[in-house]
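The file model24.txt contains compact mmCIF, C-alpha atoms:
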```txt
# COMPACT_ATOMS: atom_id res chain seq x y z
CA MET A 215 -56.72 -15.94 72.61
CA GLN A 216 -58.54 -12.88 71.26
CA LEU A 217 -61.97 -12.41 72.88
CA GLU A 218 -63.99 -12.58 69.64
CA ALA A 219 -62.24 -15.80 68.57
CA GLU A 220 -62.87 -17.36 71.98
CA ILE A 221 -66.55 -16.37 71.90
CA LYS A 222 -66.97 -17.90 68.44
CA LYS A 223 -65.13 -21.07 69.48
CA THR A 224 -67.35 -21.41 72.57
CA ILE A 225 -70.81 -20.63 71.11
CA ARG A 226 -72.70 -23.78 70.13
CA ASP A 227 -74.52 -23.92 66.78
CA ILE A 228 -77.91 -25.65 66.86
CA PRO A 229 -79.02 -26.39 63.27
CA ASP A 230 -82.72 -26.16 62.33
CA TYR A 231 -83.78 -24.47 65.56
CA PRO A 232 -86.36 -23.04 66.11
CA LYS A 233 -87.30 -23.96 62.53
CA PRO A 234 -85.65 -25.64 59.55
CA GLY A 235 -82.94 -23.56 57.92
CA VAL A 236 -82.14 -21.47 61.02
CA VAL A 237 -78.82 -22.03 62.81
CA PHE A 238 -79.37 -20.98 66.43
CA LYS A 239 -76.36 -19.46 68.21
CA ASP A 240 -76.51 -20.94 71.73
CA ILE A 241 -74.70 -18.76 74.28
CA SER A 242 -75.14 -21.30 77.12
CA PRO A 243 -71.54 -22.58 76.80
CA LEU A 244 -70.28 -19.00 77.28
CA LEU A 245 -72.10 -18.84 80.60
CA ALA A 246 -70.30 -21.99 81.80
CA SER A 247 -67.03 -20.02 81.93
CA PRO A 248 -66.89 -17.37 84.68
CA ARG A 249 -63.55 -16.19 83.23
CA LEU A 250 -65.11 -15.64 79.79
CA VAL A 251 -68.20 -13.96 81.28
CA ASP A 252 -65.87 -11.58 83.16
CA GLN A 253 -63.93 -10.79 79.98
CA MET A 254 -67.12 -10.17 77.96
CA LEU A 255 -68.62 -7.97 80.69
CA ASN A 256 -65.37 -6.02 81.13
CA GLU A 257 -65.20 -5.33 77.38
CA GLN A 258 -68.82 -4.12 77.34
CA VAL A 259 -68.29 -1.91 80.40
CA ARG A 260 -65.08 -0.50 78.92
CA TYR A 261 -66.99 0.46 75.77
CA TRP A 262 -70.10 1.97 77.44
CA ALA A 263 -68.54 3.61 80.52
CA GLY A 264 -68.64 7.40 80.37
CA LYS A 265 -71.40 7.50 77.73
CA ASN A 266 -74.01 8.99 80.08
CA ILE A 267 -76.23 5.90 80.32
CA ASP A 268 -79.17 6.31 82.70
CA ALA A 269 -80.57 2.76 82.35
CA VAL A 270 -80.09 -0.55 80.54
CA ALA A 271 -83.20 -2.07 78.94
CA ALA A 272 -82.56 -5.75 78.24
CA ILE A 273 -84.65 -8.09 76.15
CA GLU A 274 -86.03 -11.38 77.48
CA ALA A 275 -84.63 -13.89 78.11
CA ARG A 276 -80.96 -14.25 77.18
CA GLY A 277 -80.55 -10.48 77.07
CA PHE A 278 -81.34 -10.37 80.79
CA ILE A 279 -78.14 -12.23 81.64
CA PHE A 280 -75.62 -9.65 80.48
CA GLY A 281 -78.10 -6.76 80.56
CA SER A 282 -78.46 -7.01 84.32
CA LEU A 283 -74.70 -7.46 84.81
CA LEU A 284 -74.04 -4.46 82.56
CA ALA A 285 -76.56 -2.26 84.39
CA HIS A 286 -75.04 -3.25 87.73
CA ALA A 287 -71.48 -2.52 86.51
CA LEU A 288 -72.57 0.85 85.04
CA LYS A 289 -74.41 1.62 88.30
CA CYS A 290 -77.74 2.32 86.64
CA PRO A 291 -81.23 0.77 86.66
CA PHE A 292 -82.00 -2.47 84.84
CA ILE A 293 -85.25 -2.45 82.83
CA PRO A 294 -86.72 -5.80 81.77
CA VAL A 295 -88.25 -5.94 78.28
CA ARG A 296 -90.52 -8.98 78.29
CA LYS A 297 -92.81 -10.95 76.05
CA SER A 298 -96.44 -9.86 76.25
CA GLY A 299 -98.35 -10.90 79.35
CA LYS A 300 -95.27 -11.50 81.54
CA LEU A 301 -95.00 -8.19 83.42
CA PRO A 302 -97.30 -7.74 86.43
CA TYR A 303 -97.92 -3.97 86.33
CA LYS A 304 -99.35 -1.63 83.68
CA THR A 305 -97.42 -1.99 80.43
CA MET A 306 -96.90 -0.52 77.00
CA SER A 307 -96.44 -3.01 74.17
CA GLN A 308 -94.82 -3.06 70.74
CA ASP A 309 -95.36 -5.62 67.98
CA TYR A 310 -92.44 -6.65 65.76
CA SER A 311 -91.32 -9.21 63.19
CA LEU A 312 -88.68 -11.85 63.82
CA GLU A 313 -86.63 -13.59 61.17
CA TYR A 314 -88.98 -16.54 61.73
CA GLY A 315 -92.33 -15.06 62.87
CA LYS A 316 -94.10 -12.25 64.72
CA ALA A 317 -94.20 -11.33 68.41
CA SER A 318 -94.86 -8.54 70.90
CA ILE A 319 -92.81 -7.16 73.79
CA GLU A 320 -93.70 -4.97 76.76
CA MET A 321 -92.22 -2.65 79.35
CA HIS A 322 -93.73 -1.25 82.52
CA ILE A 323 -95.14 2.22 81.87
CA ASP A 324 -93.11 3.68 84.75
CA SER A 325 -89.78 2.01 83.91
CA ILE A 326 -88.19 5.03 82.20
CA GLU A 327 -87.95 8.62 83.34
CA LYS A 328 -88.37 11.36 80.73
CA GLU A 329 -85.19 12.14 78.76
CA TRP A 330 -83.26 9.18 80.20
CA ASN A 331 -80.46 7.88 77.97
CA VAL A 332 -81.22 4.17 77.63
CA LEU A 333 -78.93 1.43 76.37
CA VAL A 334 -80.83 -1.48 74.78
CA HIS A 335 -79.15 -4.87 75.25
CA ASP A 336 -79.80 -8.33 73.83
CA ASP A 337 -77.69 -11.41 73.27
CA LEU A 338 -77.81 -11.46 69.48
CA LEU A 339 -78.55 -9.10 66.59
CA ALA A 340 -80.17 -10.76 63.56
CA THR A 341 -82.77 -8.72 61.63
CA GLY A 342 -83.04 -6.11 64.38
CA GLY A 343 -86.79 -6.54 64.83
CA THR A 344 -86.70 -7.12 68.57
CA ALA A 345 -84.13 -4.39 69.20
CA ILE A 346 -86.10 -1.88 67.09
CA ALA A 347 -89.27 -2.76 69.02
CA ALA A 348 -87.44 -2.22 72.33
CA GLY A 349 -86.04 1.09 71.05
CA ASN A 350 -89.54 2.17 70.01
CA LEU A 351 -90.82 1.36 73.50
CA VAL A 352 -88.01 3.37 75.09
CA GLN A 353 -88.99 6.37 72.95
CA LYS A 354 -92.74 5.95 73.59
CA LEU A 355 -92.02 6.00 77.32
CA GLY A 356 -90.06 9.27 77.01
CA GLY A 357 -86.49 7.97 76.92
CA LYS A 358 -83.74 8.36 74.34
CA VAL A 359 -81.99 5.35 72.84
CA ILE A 360 -78.30 6.04 73.38
CA GLY A 361 -77.13 2.77 71.86
CA PHE A 362 -77.51 -0.96 71.34
CA SER A 363 -75.34 -3.67 72.87
CA PHE A 364 -75.09 -7.32 71.78
CA LEU A 365 -72.84 -10.28 72.35
CA VAL A 366 -73.15 -11.38 68.71
CA ASN A 367 -74.01 -9.71 65.40
CA LEU A 368 -75.12 -11.91 62.49
CA SER A 369 -73.77 -9.52 59.85
CA PHE A 370 -75.20 -11.58 56.97
CA LEU A 371 -78.63 -10.42 58.16
CA PRO A 372 -79.76 -6.75 58.00
CA GLY A 373 -80.03 -6.04 61.74
CA GLU A 374 -77.21 -3.54 62.05
CA LYS A 375 -78.31 -1.72 58.89
CA ASN A 376 -81.94 -1.64 60.12
CA LEU A 377 -80.93 -0.24 63.53
CA LYS A 378 -78.76 2.45 61.96
CA GLU A 379 -81.57 3.49 59.59
CA LYS A 380 -84.14 3.66 62.39
CA PHE A 381 -82.03 5.07 65.23
CA SER A 382 -78.64 6.10 63.72
CA THR A 383 -76.99 5.41 67.04
CA ASP A 384 -74.13 3.54 68.65
CA ILE A 385 -74.15 -0.25 68.06
CA PHE A 386 -71.65 -2.46 69.87
CA TYR A 387 -71.10 -6.23 69.76
CA LEU A 388 -68.35 -8.59 70.84
CA ALA A 389 -68.42 -11.11 67.97
CA GLU A 390 -69.57 -11.03 64.38
CA TYR A 391 -70.55 -13.84 62.02
```

Could you express the structure from this file as structure tokens?
Amino acid sequence: MQLEAEIKKTIRDIPDYPKPGVVFKDISPLLASPRLVDQMLNEQVRYWAGKNIDAVAAIEARGFIFGSLLAHALKCPFIPVRKSGKLPYKTMSQDYSLEYGKASIEMHIDSIEKEWNVLVHDDLLATGGTAIAAGNLVQKLGGKVIGFSFLVNLSFLPGEKNLKEKFSTDIFYLAEY
């Protein structure tokens, strides 16, 4: 079975979560299959290998799962991007809008070296608000956003368009709705 079709078949839809009208794409069933996790990671590594990535910045919480695996496979540092108040050291923060509210994320101020090429990873691309905020943090800390990686793109929402307008960079995902 083609990888995208298997991902779509395996993801669980949760209607009206976290609020009425939203259909949450639950990746938990993907994680229950080591074979599928290997296939998804291999496809991501195949795409990003050789693109001069110095670090992977992954967004809390589901983005950490594949973000850390991807950083390990690409043999580069993993940088956690967390909700405000969760990181123990000095941080820089960035506010952003979600498709269903507002929030803020943070990174440690020493997490990126100047001019590093940083790949931003999250599980799902919707409006792009979180990814744009993470990209802004990467730039504020002196890095360059080399691309964005996702498991899923909700193409009926403007996330990909918003990322291209803001960063005009490489955007990769394994499945599209």

Notebook entry, point to check: How would you write as a ChimeraX atom specification the residues that get within 9 Å of (-87.4, 7.8, 77.0) in the file's frame, counting only C-alpha atoms?
Noted result: /A:326-332,351-359

Give me, please, the distance in Å between CA of Pro372 in chain A and CA of Gly264 in chain A, quoted to one decimal.
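Interatomic distance, CA of Pro372 in chain A to CA of Gly264 in chain A: 28.7 Å.
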
Next on the checklist: Using all atoms listed in the file, which protein or nucleic acid residues come within 9 Å of Glu274 in chain A? Drop anything in the same chain fewer than 6 positions from it, and give the result as number ranges by chain.
Outcome noted: A: 294-297, 319, 336

Q: Enumerate, as a ChimeraX atom specification, the protein, DNA and RNA residues whose atoms approach (-82.5, -20.4, 75.0) to within 9 Å, taking into account only C-alpha atoms and the coordinate frame of the file.
A: /A:240-242,275-276

### Query
Counting all atoms listed in the file, what is within 7 Å of Gly373 in chain A, bar same-chain residues fewer than 3 positions away, as a list in words?
Leu339, Ala340, Thr341, Gly342, Asn376 and Leu377 of chain A

Neighbours of Leu288 in chain A within 8 Å (all atoms listed in the file; same-chain residues fewer than 3 positions away dropped), as a short mmCIF file (atom, residue, chain, number, x, y, z; two decimals) with C-alpha atoms, in the frame of the given file?
```
data_model
loop_
_atom_site.label_atom_id
_atom_site.label_comp_id
_atom_site.auth_asym_id
_atom_site.auth_seq_id
_atom_site.Cartn_x
_atom_site.Cartn_y
_atom_site.Cartn_z
CA VAL A 259 -68.29 -1.91 80.40
CA ALA A 263 -68.54 3.61 80.52
CA ILE A 267 -76.23 5.90 80.32
CA LEU A 284 -74.04 -4.46 82.56
CA ALA A 285 -76.56 -2.26 84.39
#
```

Discussion item. Report, in Å to a single decimal, how far apart CA of Met321 in chain A and CA of Pro302 in chain A are.
Written reply: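 Spanning CA of Pro302 in chain A to CA of Met321 in chain A is a straight-line distance of 10.1 Å.
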
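Rounded to one decimal, CA of Lys378 in chain A and CA of Ser311 in chain A lie 17.2 Å from each other.
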
Exercise. Nearest to Asn367 in chain A: which of A:Ala348, A:Ala271, A:Ile221, A:Ala287 is it, counting all atoms listed in the file?
Worked result: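 For Asn367 in chain A, the nearest of the given residues is A:Ile221.
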
Spatial neighbours of Ala272 in chain A, 9 Å, all atoms listed in the file, chain gap at least 5 places, as a PDB file with C-alpha atoms, in the frame of the given file:
```pdb
ATOM      1  CA  GLY A 277     -80.550 -10.480  77.070  1.00  0.00           C
ATOM      2  CA  PHE A 278     -81.340 -10.370  80.790  1.00  0.00           C
ATOM      3  CA  ILE A 279     -78.140 -12.230  81.640  1.00  0.00           C
ATOM      4  CA  PHE A 280     -75.620  -9.650  80.480  1.00  0.00           C
ATOM      5  CA  GLY A 281     -78.100  -6.760  80.560  1.00  0.00           C
ATOM      6  CA  SER A 282     -78.460  -7.010  84.320  1.00  0.00           C
ATOM      7  CA  PHE A 292     -82.000  -2.470  84.840  1.00  0.00           C
ATOM      8  CA  ILE A 293     -85.250  -2.450  82.830  1.00  0.00           C
ATOM      9  CA  PRO A 294     -86.720  -5.800  81.770  1.00  0.00           C
ATOM     10  CA  VAL A 295     -88.250  -5.940  78.280  1.00  0.00           C
ATOM     11  CA  ARG A 296     -90.520  -8.980  78.290  1.00  0.00           C
ATOM     12  CA  LEU A 333     -78.930   1.430  76.370  1.00  0.00           C
ATOM     13  CA  VAL A 334     -80.830  -1.480  74.780  1.00  0.00           C
ATOM     14  CA  HIS A 335     -79.150  -4.870  75.250  1.00  0.00           C
ATOM     15  CA  ASP A 336     -79.800  -8.330  73.830  1.00  0.00           C
ATOM     16  CA  ASP A 337     -77.690 -11.410  73.270  1.00  0.00           C
ATOM     17  CA  ALA A 348     -87.440  -2.220  72.330  1.00  0.00           C
TER      18      ALA A 348
END
```

Top pick for closest residue to Val251 in chain A, considering A:Asn266, A:Ser382, A:Thr305, A:Thr224 and counting all atoms listed in the file =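 Between A:Asn266, A:Ser382, A:Thr305, A:Thr224, the residue approaching Val251 in chain A most closely is A:Thr224.
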